[in-house]
Every structure is written in C-alpha cells, then in structure tokens.
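> I am sharing data-v4.cif, which consists of mmCIF, C-alpha atoms and all ligand atoms:
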```cif
data_my_file
#
loop_
_atom_site.label_atom_id
_atom_site.label_comp_id
_atom_site.auth_asym_id
_atom_site.auth_seq_id
_atom_site.Cartn_x
_atom_site.Cartn_y
_atom_site.Cartn_z
CA MET A 262 40.33 5.15 31.05
CA LYS A 263 42.70 2.98 33.05
CA ASP A 264 43.22 5.51 35.78
CA PHE A 265 39.72 6.12 36.99
CA LEU A 266 38.62 6.39 40.59
CA LEU A 267 36.08 3.86 41.85
CA SER A 268 34.01 4.85 44.88
CA VAL A 269 32.19 2.29 46.96
CA ILE A 270 29.54 3.71 49.26
CA ILE A 271 28.28 1.57 52.12
CA PRO A 272 25.41 2.62 54.42
CA VAL A 273 25.80 1.03 57.82
CA TYR A 274 23.38 0.88 60.69
CA ASN A 275 24.44 -1.22 63.67
CA GLU A 276 26.66 -3.52 61.64
CA GLU A 277 29.68 -3.82 63.97
CA LYS A 278 30.07 -7.54 63.33
CA ASN A 279 29.96 -7.14 59.57
CA ILE A 280 32.63 -4.49 59.00
CA ALA A 281 35.70 -6.73 59.30
CA PRO A 282 34.31 -9.64 57.24
CA LEU A 283 33.07 -7.21 54.60
CA LEU A 284 36.43 -5.48 54.23
CA ARG A 285 38.17 -8.84 54.16
CA ARG A 286 36.22 -9.66 51.01
CA LEU A 287 35.95 -6.20 49.51
CA LEU A 288 39.58 -5.03 49.70
CA PRO A 289 41.06 -7.82 47.51
CA VAL A 290 38.42 -7.06 44.85
CA LEU A 291 39.28 -3.36 44.83
CA GLU A 292 43.05 -3.85 44.79
CA LYS A 293 43.36 -3.47 41.02
CA TYR A 294 41.46 -0.17 40.95
CA ARG A 295 42.24 3.25 42.29
CA HIS A 296 39.48 3.34 44.87
CA GLU A 297 37.87 4.87 47.93
CA ILE A 298 35.50 3.20 50.36
CA LEU A 299 33.02 5.52 51.99
CA PHE A 300 31.02 4.30 54.96
CA ILE A 301 27.92 6.23 55.94
CA ASP A 302 27.08 5.48 59.55
CA ASP A 303 23.35 6.01 59.80
CA GLY A 304 23.25 6.72 63.52
CA SER A 305 24.45 3.36 64.79
CA SER A 306 24.30 2.84 68.52
CA ASP A 307 26.82 -0.01 68.61
CA LYS A 308 30.55 -0.05 67.86
CA THR A 309 30.18 0.27 64.08
CA ALA A 310 31.97 3.65 63.91
CA SER A 311 34.93 2.70 66.10
CA GLU A 312 35.29 -0.53 64.13
CA ILE A 313 35.52 1.50 60.91
CA LYS A 314 37.97 3.97 62.47
CA ARG A 315 40.21 1.05 63.38
CA PHE A 316 40.49 0.22 59.68
CA ILE A 317 40.91 3.86 58.66
CA SER A 318 44.06 4.09 60.79
CA LYS A 319 45.55 1.32 58.64
CA ASN A 320 44.08 2.19 55.25
CA SER A 321 43.73 5.74 53.96
CA ALA A 322 41.32 4.71 51.18
CA ILE A 323 38.61 4.17 53.79
CA LYS A 324 36.45 7.14 54.78
CA LEU A 325 33.62 7.63 57.18
CA VAL A 326 30.78 10.06 57.66
CA ARG A 327 28.51 9.76 60.66
CA PHE A 328 24.92 10.96 60.92
CA LEU A 329 23.62 12.50 64.13
CA ARG A 330 20.81 9.99 64.26
CA ASN A 331 19.18 7.34 62.11
CA PHE A 332 17.93 9.01 58.93
CA GLY A 333 17.29 5.85 56.94
CA HIS A 334 18.98 3.81 54.26
CA GLN A 335 17.95 6.04 51.33
CA MET A 336 19.28 9.17 53.03
CA ALA A 337 22.54 7.39 53.83
CA LEU A 338 22.88 6.48 50.16
CA SER A 339 22.17 10.03 49.12
CA ALA A 340 24.88 11.32 51.48
CA GLY A 341 27.21 8.77 49.90
CA TYR A 342 26.45 10.07 46.42
CA GLN A 343 27.11 13.63 47.55
CA LEU A 344 30.45 12.86 49.12
CA ALA A 345 31.83 10.28 46.70
CA GLN A 346 34.55 11.56 44.38
CA GLY A 347 34.69 8.63 41.98
CA ASP A 348 34.26 8.44 38.22
CA CYS A 349 31.85 5.67 39.04
CA VAL A 350 30.13 4.89 42.32
CA VAL A 351 29.05 1.46 43.53
CA SER A 352 26.54 1.24 46.38
CA LEU A 353 26.76 -1.85 48.51
CA ASP A 354 25.05 -3.26 51.62
CA ALA A 355 27.28 -3.88 54.60
CA ASP A 356 25.88 -7.28 55.47
CA LEU A 357 27.55 -9.17 52.58
CA GLN A 358 24.21 -9.91 50.96
CA ASP A 359 25.64 -8.13 47.94
CA PRO A 360 28.78 -10.08 47.05
CA PRO A 361 31.70 -7.66 46.35
CA GLU A 362 33.03 -10.09 43.73
CA VAL A 363 30.34 -8.81 41.35
CA ILE A 364 31.92 -5.34 41.23
CA PRO A 365 34.53 -6.09 38.49
CA LYS A 366 31.73 -7.31 36.19
CA MET A 367 29.86 -4.07 36.80
CA VAL A 368 32.97 -2.01 36.11
CA GLU A 369 33.48 -3.88 32.84
CA LYS A 370 30.00 -2.94 31.60
CA TRP A 371 30.54 0.64 32.72
CA GLN A 372 33.78 0.78 30.70
CA LYS A 373 31.75 -0.33 27.69
CA GLY A 374 29.65 2.80 28.08
CA MET A 375 26.79 1.78 30.35
CA GLN A 376 26.11 4.61 32.78
CA ILE A 377 23.97 2.52 35.11
CA VAL A 378 24.79 -1.09 35.90
CA TYR A 379 22.26 -2.87 38.08
CA ALA A 380 23.11 -5.97 40.01
CA LYS A 381 20.13 -8.21 39.45
CA ARG A 382 19.23 -11.02 41.82
CA SER A 383 19.12 -14.26 39.90
CA VAL A 384 17.51 -16.15 42.77
CA ARG A 385 15.88 -14.80 45.82
CA ASP A 386 15.92 -18.03 47.80
CA VAL A 387 17.59 -16.52 50.86
CA ASP A 388 14.68 -14.19 51.49
CA GLY A 389 11.67 -15.49 53.34
CA PRO A 390 8.42 -16.24 51.48
CA PHE A 391 6.81 -13.09 52.83
CA LYS A 392 9.58 -10.81 51.55
CA LYS A 393 9.54 -12.54 48.18
CA LEU A 394 5.78 -12.24 47.82
CA SER A 395 5.62 -8.64 49.02
CA ALA A 396 8.51 -7.57 46.80
CA GLY A 397 6.95 -9.28 43.78
CA LEU A 398 3.57 -7.66 44.37
CA PHE A 399 5.16 -4.28 45.02
CA TYR A 400 7.07 -4.18 41.75
CA ARG A 401 4.08 -5.37 39.76
CA PHE A 402 1.89 -2.73 41.42
CA ILE A 403 4.31 0.17 41.07
CA ASN A 404 5.04 -0.64 37.45
CA PHE A 405 1.31 -0.78 36.77
CA LEU A 406 0.88 2.65 38.35
CA SER A 407 4.00 4.42 37.19
CA ASP A 408 5.15 5.59 33.79
CA THR A 409 8.77 5.06 34.83
CA LYS A 410 9.63 1.41 34.45
CA ILE A 411 11.32 0.39 37.68
CA PRO A 412 13.28 -2.81 37.16
CA SER A 413 12.25 -5.62 39.48
CA GLU A 414 14.71 -7.92 41.25
CA VAL A 415 17.02 -4.97 41.49
CA GLY A 416 17.84 -3.44 44.84
CA ASP A 417 20.21 -0.68 45.81
CA PHE A 418 23.29 -2.62 44.70
CA ARG A 419 24.32 -0.78 41.53
CA LEU A 420 27.04 1.15 39.77
CA LEU A 421 26.42 4.71 38.63
CA ASP A 422 28.56 6.82 36.35
CA LYS A 423 29.51 10.18 37.80
CA GLU A 424 27.15 11.92 35.39
CA VAL A 425 24.22 9.98 36.86
CA VAL A 426 25.51 10.72 40.36
CA SER A 427 25.51 14.44 39.68
CA TYR A 428 21.96 14.16 38.28
CA ILE A 429 20.93 12.44 41.54
CA ASN A 430 22.72 15.10 43.60
CA ALA A 431 20.99 17.89 41.70
CA LEU A 432 17.52 16.60 42.57
CA SER A 433 15.91 18.77 45.19
CA GLU A 434 13.34 16.19 46.25
CA GLN A 435 13.06 15.43 49.93
CA SER A 436 11.63 11.99 49.53
CA LEU A 437 14.16 9.81 47.88
CA PHE A 438 13.11 6.62 46.23
CA LEU A 439 16.49 6.16 44.61
CA ARG A 440 15.63 3.03 42.64
CA GLY A 441 12.92 4.94 40.86
CA LEU A 442 14.89 8.15 40.43
CA VAL A 443 17.83 6.30 38.91
CA ALA A 444 15.51 4.66 36.37
CA TRP A 445 13.63 7.91 35.69
CA GLY A 446 16.75 9.58 34.28
CA GLY A 447 16.78 7.21 31.32
CA TYR A 448 20.55 6.79 31.15
CA PRO A 449 21.85 3.74 29.25
CA SER A 450 21.76 0.80 31.62
CA ALA A 451 22.73 -2.82 31.82
CA SER A 452 22.61 -5.45 34.50
CA VAL A 453 24.73 -8.25 35.82
CA GLU A 454 23.24 -11.21 37.62
CA TYR A 455 24.28 -12.34 41.04
CA LYS A 456 23.11 -14.67 43.74
CA ARG A 457 21.96 -12.78 46.80
CA GLU A 458 23.61 -14.23 49.85
CA ARG A 459 22.43 -14.64 53.36
CA ARG A 460 23.03 -11.80 55.80
CA TYR A 461 26.40 -12.35 57.50
CA ALA A 462 25.64 -11.18 61.03
CA GLY A 463 22.63 -9.63 62.72
CA GLY A 464 19.10 -9.30 61.39
CA THR A 465 17.47 -7.11 58.78
CA HIS A 466 16.86 -3.46 59.66
CA TYR A 467 14.00 -3.31 57.22
CA THR A 468 11.07 -3.93 59.48
CA PHE A 469 7.63 -4.35 58.00
CA SER A 470 6.82 -0.69 58.62
CA LYS A 471 10.06 0.52 56.99
CA MET A 472 9.28 -1.67 53.98
CA ALA A 473 5.71 -0.38 53.81
CA ASN A 474 6.99 3.20 54.05
CA LEU A 475 9.47 2.66 51.25
CA ALA A 476 6.73 1.14 49.12
CA LEU A 477 4.36 4.07 49.72
CA GLU A 478 7.19 6.53 49.09
CA GLY A 479 7.88 4.78 45.81
CA ILE A 480 4.28 4.82 44.69
CA THR A 481 3.53 8.42 45.61
CA SER A 482 6.84 9.65 44.16
CA PHE A 483 6.25 8.10 40.80
CA SER A 484 2.56 8.14 40.17
CA THR A 485 -0.49 10.27 40.75
CA LYS A 486 -2.71 7.51 39.40
CA PRO A 487 -4.06 6.65 42.88
CA LEU A 488 -5.67 10.10 42.89
CA ARG A 489 -7.36 9.33 39.62
CA LEU A 490 -8.35 5.94 40.98
CA ALA A 491 -10.11 7.77 43.79
CA THR A 492 -12.07 9.77 41.23
CA TYR A 493 -13.02 6.61 39.33
CA LEU A 494 -14.16 4.93 42.53
CA GLY A 495 -16.33 7.98 43.18
CA PHE A 496 -17.92 7.64 39.74
CA VAL A 497 -18.52 3.91 40.12
CA PHE A 498 -20.25 4.32 43.45
CA ALA A 499 -22.25 7.34 42.32
CA THR A 500 -23.48 5.28 39.37
CA LEU A 501 -24.43 2.44 41.69
CA GLY A 502 -26.30 4.98 43.80
CA VAL A 503 -28.32 6.21 40.81
CA LEU A 504 -29.10 2.63 39.77
CA GLY A 505 -30.25 1.95 43.34
CA VAL A 506 -32.67 4.88 43.17
CA VAL A 507 -34.08 3.66 39.84
CA TYR A 508 -34.44 0.16 41.27
CA ALA A 509 -36.26 1.44 44.34
CA VAL A 510 -38.66 3.62 42.37
CA LEU A 511 -39.48 0.83 39.90
CA GLY A 512 -39.95 -1.67 42.73
CA LYS A 513 -42.28 0.62 44.60
CA ILE A 514 -44.39 1.27 41.47
CA PHE A 515 -44.59 -2.18 39.90
CA LEU A 516 -44.25 -4.62 42.81
CA PRO A 517 -45.63 -2.74 45.82
CA GLU A 518 -46.86 -5.96 47.47
CA TYR A 519 -43.31 -7.43 47.59
CA TRP A 520 -41.59 -4.22 48.54
CA VAL A 521 -40.26 -4.42 52.08
CA PRO A 522 -38.65 -1.22 53.34
CA GLY A 523 -35.15 -2.65 53.70
CA TRP A 524 -32.66 -1.20 56.11
CA THR A 525 -30.06 -3.82 55.14
CA ALA A 526 -29.49 -2.23 51.75
CA LEU A 527 -29.32 1.14 53.44
CA PHE A 528 -26.80 -0.07 55.96
CA VAL A 529 -24.59 -1.73 53.35
CA GLY A 530 -24.79 1.39 51.24
CA ILE A 531 -23.70 3.63 54.08
CA MET A 532 -20.87 1.31 55.06
CA SER A 533 -19.46 1.02 51.57
CA PHE A 534 -19.81 4.73 50.87
CA GLY A 535 -18.12 5.51 54.18
CA GLY A 536 -15.29 3.12 53.36
CA VAL A 537 -14.73 4.52 49.91
CA GLN A 538 -14.75 8.06 51.23
CA LEU A 539 -12.19 7.26 53.91
CA ILE A 540 -9.92 5.51 51.42
CA THR A 541 -10.18 8.44 49.06
CA ILE A 542 -9.43 10.98 51.78
CA GLY A 543 -6.49 8.80 52.81
CA ILE A 544 -5.10 8.80 49.29
CA ILE A 545 -5.46 12.55 48.98
CA GLY A 546 -3.91 12.91 52.43
CA GLU A 547 -0.86 10.92 51.35
CA TYR A 548 -0.16 13.38 48.58
CA ILE A 549 -0.85 16.43 50.71
CA GLY A 550 1.52 15.04 53.34
CA LYS A 551 4.08 14.64 50.62
CA ILE A 552 3.67 18.23 49.44
CA TYR A 553 3.97 19.38 53.05
CA LYS A 554 7.23 17.48 53.49
CA GLU A 555 8.58 18.94 50.28
CA VAL A 556 7.81 22.56 51.16
CA GLN A 557 9.37 22.26 54.60
CA ARG A 558 12.75 21.87 52.92
CA ARG A 559 14.40 20.31 55.91
CA PRO A 560 17.90 18.93 55.47
CA LYS A 561 17.86 15.29 54.40
CA PHE A 562 20.40 14.35 57.05
CA LEU A 563 22.67 15.94 59.64
CA ILE A 564 26.33 15.08 59.96
CA LYS A 565 28.01 14.55 63.31
CA GLU A 566 31.51 13.69 62.22
CA LYS A 567 33.65 13.15 59.13
CA VAL A 568 36.72 10.97 59.32
CA ASN A 569 39.35 11.07 56.56
CA LEU A 570 37.07 13.33 54.50
CA ASP A 571 37.09 17.09 53.95
N1 LIG A 601 20.67 0.58 56.73
C1 LIG A 601 20.86 1.93 57.02
N2 LIG A 601 19.89 2.60 57.71
C2 LIG A 601 18.72 2.01 58.10
C3 LIG A 601 18.53 0.64 57.77
C4 LIG A 601 19.52 -0.04 57.07
O1 LIG A 601 21.90 2.51 56.68
O2 LIG A 601 17.89 2.67 58.72
C5 LIG A 601 21.75 -0.16 56.00
C6 LIG A 601 22.16 -1.48 56.62
O3 LIG A 601 23.21 -1.32 57.55
C7 LIG A 601 22.60 -2.29 55.42
C8 LIG A 601 21.70 -1.77 54.30
O4 LIG A 601 21.23 -0.50 54.73
O5 LIG A 601 23.95 -2.03 55.06
C9 LIG A 601 20.55 -2.70 54.00
O6 LIG A 601 19.80 -2.95 55.16
P1 LIG A 601 19.29 -4.41 55.57
O7 LIG A 601 20.35 -5.43 55.26
O8 LIG A 601 18.84 -4.34 56.98
O9 LIG A 601 18.04 -4.59 54.61
P2 LIG A 601 17.63 -5.90 53.76
O10 LIG A 601 18.87 -6.40 53.08
O11 LIG A 601 17.10 -6.88 54.73
O12 LIG A 601 16.60 -5.40 52.81
MG MG A 602 20.58 -6.91 54.01
#
```
Go ahead and express the file in the form of structure tokens.

Amino acid sequence: MKDFLLSVIIPVYNEEKNIAPLLRRLLPVLEKYRHEILFIDDGSSDKTASEIKRFISKNSAIKLVRFLRNFGHQMALSAGYQLAQGDCVVSLDADLQDPPEVIPKMVEKWQKGMQIVYAKRSVRDVDGPFKKLSAGLFYRFINFLSDTKIPSEVGDFRLLDKEVVSYINALSEQSLFLRGLVAWGGYPSASVEYKRERRYAGGTHYTFSKMANLALEGITSFSTKPLRLATYLGFVFATLGVLGVVYAVLGKIFLPEYWVPGWTALFVGIMSFGGVQLITIGIIGEYIGKIYKEVQRRPKFLIKEKVNLD
C-alpha cells in the first residue's frame, strides 16, 4: 500500500497568476507520495499553458493537456479522470481556494478503505451572500427532487479511488454533473473538513449563467420529478377550472341579480393558464433538449496538445 500513485488533476482556465503560487504550496505536500500532477487547460487565452510548461521542464511529474477551446469545468475534470493514472485521484481548483494541505488527510481516509473522500467546507464565509444563499437553496432543492442524496457543502474538491474513477470513465452520459454522479455510485465515502480560502488571483469564472446552467444540469440529470410536477400543476388548474364552472352556474341560478358578467376573472384565468402552460412546455423542453444532446453523441472535449503525456 505504501507505493501507490497519487494523481492530482487541476482544471485551469485563465489562471496564469495562480500556477506558481499553487505549485509552491502543492509540491511540498506531495513530496512524500509517488505522484503526478495533471493540469487540464480548458482553453485559456492567457499565459496559463506556457506557465505550466515552464514548470514541466523542471519537474517531470507535472503533465498538461490542452483543450482546443473552453469546454467547461466539468468537462475538464472528466478529461482529468480519463488521463490520470493514479491509484487515487484528487481533483483540485487552481485558485488555492482548496488548500492542498488537506490532501494528506484525504489520503489517510482512503487508505482506511474509503473510496470517496469529500472535502467539506466547514465555513463558507469567503463566498458572497448571494453565492451562499443560492448554493444553499440549490442543494435543498435538488435533494428534495432527487433520489440520489447529493452532499451539500461539498464541491469538486475530492479524492476518488481508481475503481470510482473507472466507473466515472465508463459513463456514456454527455452531460456531466460529476458531484451527483459520484454520489450516485454509492461507493463508501467519508469527508474531511476544511476552510475554503479566498481566491488567490483573478475572479471567479463561474458567472451567474454558468452557475444556473450547472444547477439545471444537476436537476435534470438526477430527477424527472419536474415532469411529474407539471402534470400535478395541470391537475390543480383543471380542478380550479371545474370549480369555477360550478361557481358560475350556481351564481347565475341562485343570485342572478348580483351576477355581473366579469371579465376580470376571465382575464386572470387566461393569464394563469397561459403561464402554467408555458412553464410546463419549458420543463418538457428541458428534458427533450437533454435527450437531443445525448443522442448527438458529440465528443465531450477536443484536445489540442498533450505535454509530458502519451
Ligand atoms: N475552470 C475551468 N473551466 C471553466 C471555468 C473554470 O477549467 O470554464 C476552472 C478554474 O480555472 C478553477 C476551477 O475550474 O481552477 C474553479 O473555477 P472558479 O474558481 O472560477 O469557480 P468558483 O471557485 O468561483 O466556484
Ligand atoms: Mg474558485
């Protein structure tokens, strides 16, 4: 067990200023393990790749794969899982928000037989109130909808045993919500707590729309309950419609002198029906879009260059 290989996979997108500080902290931590560090350059337009190559010329444990364009964080991680050789694989952000010093604790739990070790954020105080609130709501919502329990306060900083990695690699899904897929497998898991740090240099690449996309991807990958919700909404409004008819008929018969032909009720009815129908079509559309993406079978990413990798 002593002589295992530890892979660290790091997706990078325009992180030129973070590479050197990251390696300065990561390399001492990895010294005691046989290791490889695999950077996945997700189509950076700055000097990220040349910065990494500079380190590769000095250290043969560092490897680099470059995407042709930006394919997204989840795709970069999935490329990392495909190319990593390790007996266990740790995924890490490049911006030092995930402190590398946590890795030995994760390895310890893995050596005790845990095939997934999550790094769990003990405090989220470095994130803004909006991110905290939206993340909290998202996890509550997705766990309400989904049968797979997706642990909250857990990001993409985790250790996976090579068996879990090959399960991930065998998945043929196009849309990768890795946090969910990792949990779905049901492998024995543990977590270690850490304090999420502030981003070292630059700003977040997760814009609001990327976050919203990830959230929708997560929900539609792990639950078809929204479709059922659409059906229920249909029933509720159909029932209201029937009650409205009964009300109108009774009113006309028993209280004809008070009965004003009301267009307000009509208008409200049309508006709310229209709204519900649009929402429902939207929900169905989400799933059809998903099926469409799956049947296209496009490659998840395209590789421009591999450095120090076969
Ligand atoms: N990242 C990536 N592709 C993207 C966006 C981000 O590879 O399209 C990388 C980024 O370089 C970083 C990690 O994913 O190493 C997490 O991104 P970020 O720090 O911007 O997200 P946050 O921590 O704010 O959620
Ligand atoms: Mg970050």
> Can you work out the spacing between atom O9 of ligand LIG 601 (chain A) and CA of Arg457 in chain A in Å, to one decimal?
12.0 Å
> If we count only C-alpha atoms and set the cut-off at 8 Å, which residues sit around range 362-378 of chain A, ignoring sequence neighbours fewer than 2 positions away in its own chain? Please answer as a PyMOL selection string.
chain A and resi 262+286-287+290+351+360+380+419-422+424-425+448-453+455
> Got a sec to check which residues lie within 10 Å of ligand LIG 601 (chain A), using only C-alpha atoms and all ligand atoms, and send them as number ranges by chain?
A: 270-277, 279-280, 300-305, 309, 328, 330-338, 352-359, 388, 392, 416-418, 457-468, 471-472
> Where does range 379-468 of chain A meet range 481-505 of chain A within 8 Å, residue by residue, with the nearest atom pair and distance in Å to one decimal for each, counting all atoms listed in the file, listed by chain and rising number, as a tab-separated table?

```
residue	atom	partner	partner_atom	distance
A:Leu406	CA	A:Ser484	CA	6.0
A:Ser407	CA	A:Ser484	CA	5.0
A:Asp408	CA	A:Ser484	CA	7.3
A:Thr409	CA	A:Phe483	CA	7.2
A:Ser436	CA	A:Ser482	CA	7.6
A:Phe438	CA	A:Ser482	CA	7.3
A:Gly441	CA	A:Phe483	CA	7.4
```
> Please, what distance in Å, to one decimal, runs between CA of Leu325 in chain A and CA of Lys293 in chain A?
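CA of Lys293 in chain A lies 21.9 Å from CA of Leu325 in chain A.
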> Grab all the atoms of range 541-555 of chain A that the file lists, wrap them in a box along x, y and z, add 3 Å per side, and give me centre plus edge lengths in Å (one decimal) as JSON.

```
{"center_x": -0.8, "center_y": 13.9, "center_z": 51.0, "size_x": 24.8, "size_y": 16.9, "size_z": 10.9}
```
> Quick one: everything within 12 Å of Leu432 in chain A, counting only C-alpha atoms, minus sequence neighbours fewer than 3 positions away in the same chain. Send it as a ChimeraX atom specification.
/A:339,342-343,425-429,435-439,442-443,445-446,561
> Would you mind reading off the distance between CA of Gly389 in chain A and CA of Leu284 in chain A, one decimal, in Å?
26.7 Å
> Of the candidates A:Asn569, A:Val387, A:Thr541, A:Asp348, which one gets nearest to ligand MG 602 (chain A) if we count all atoms listed in the file?
A:Val387
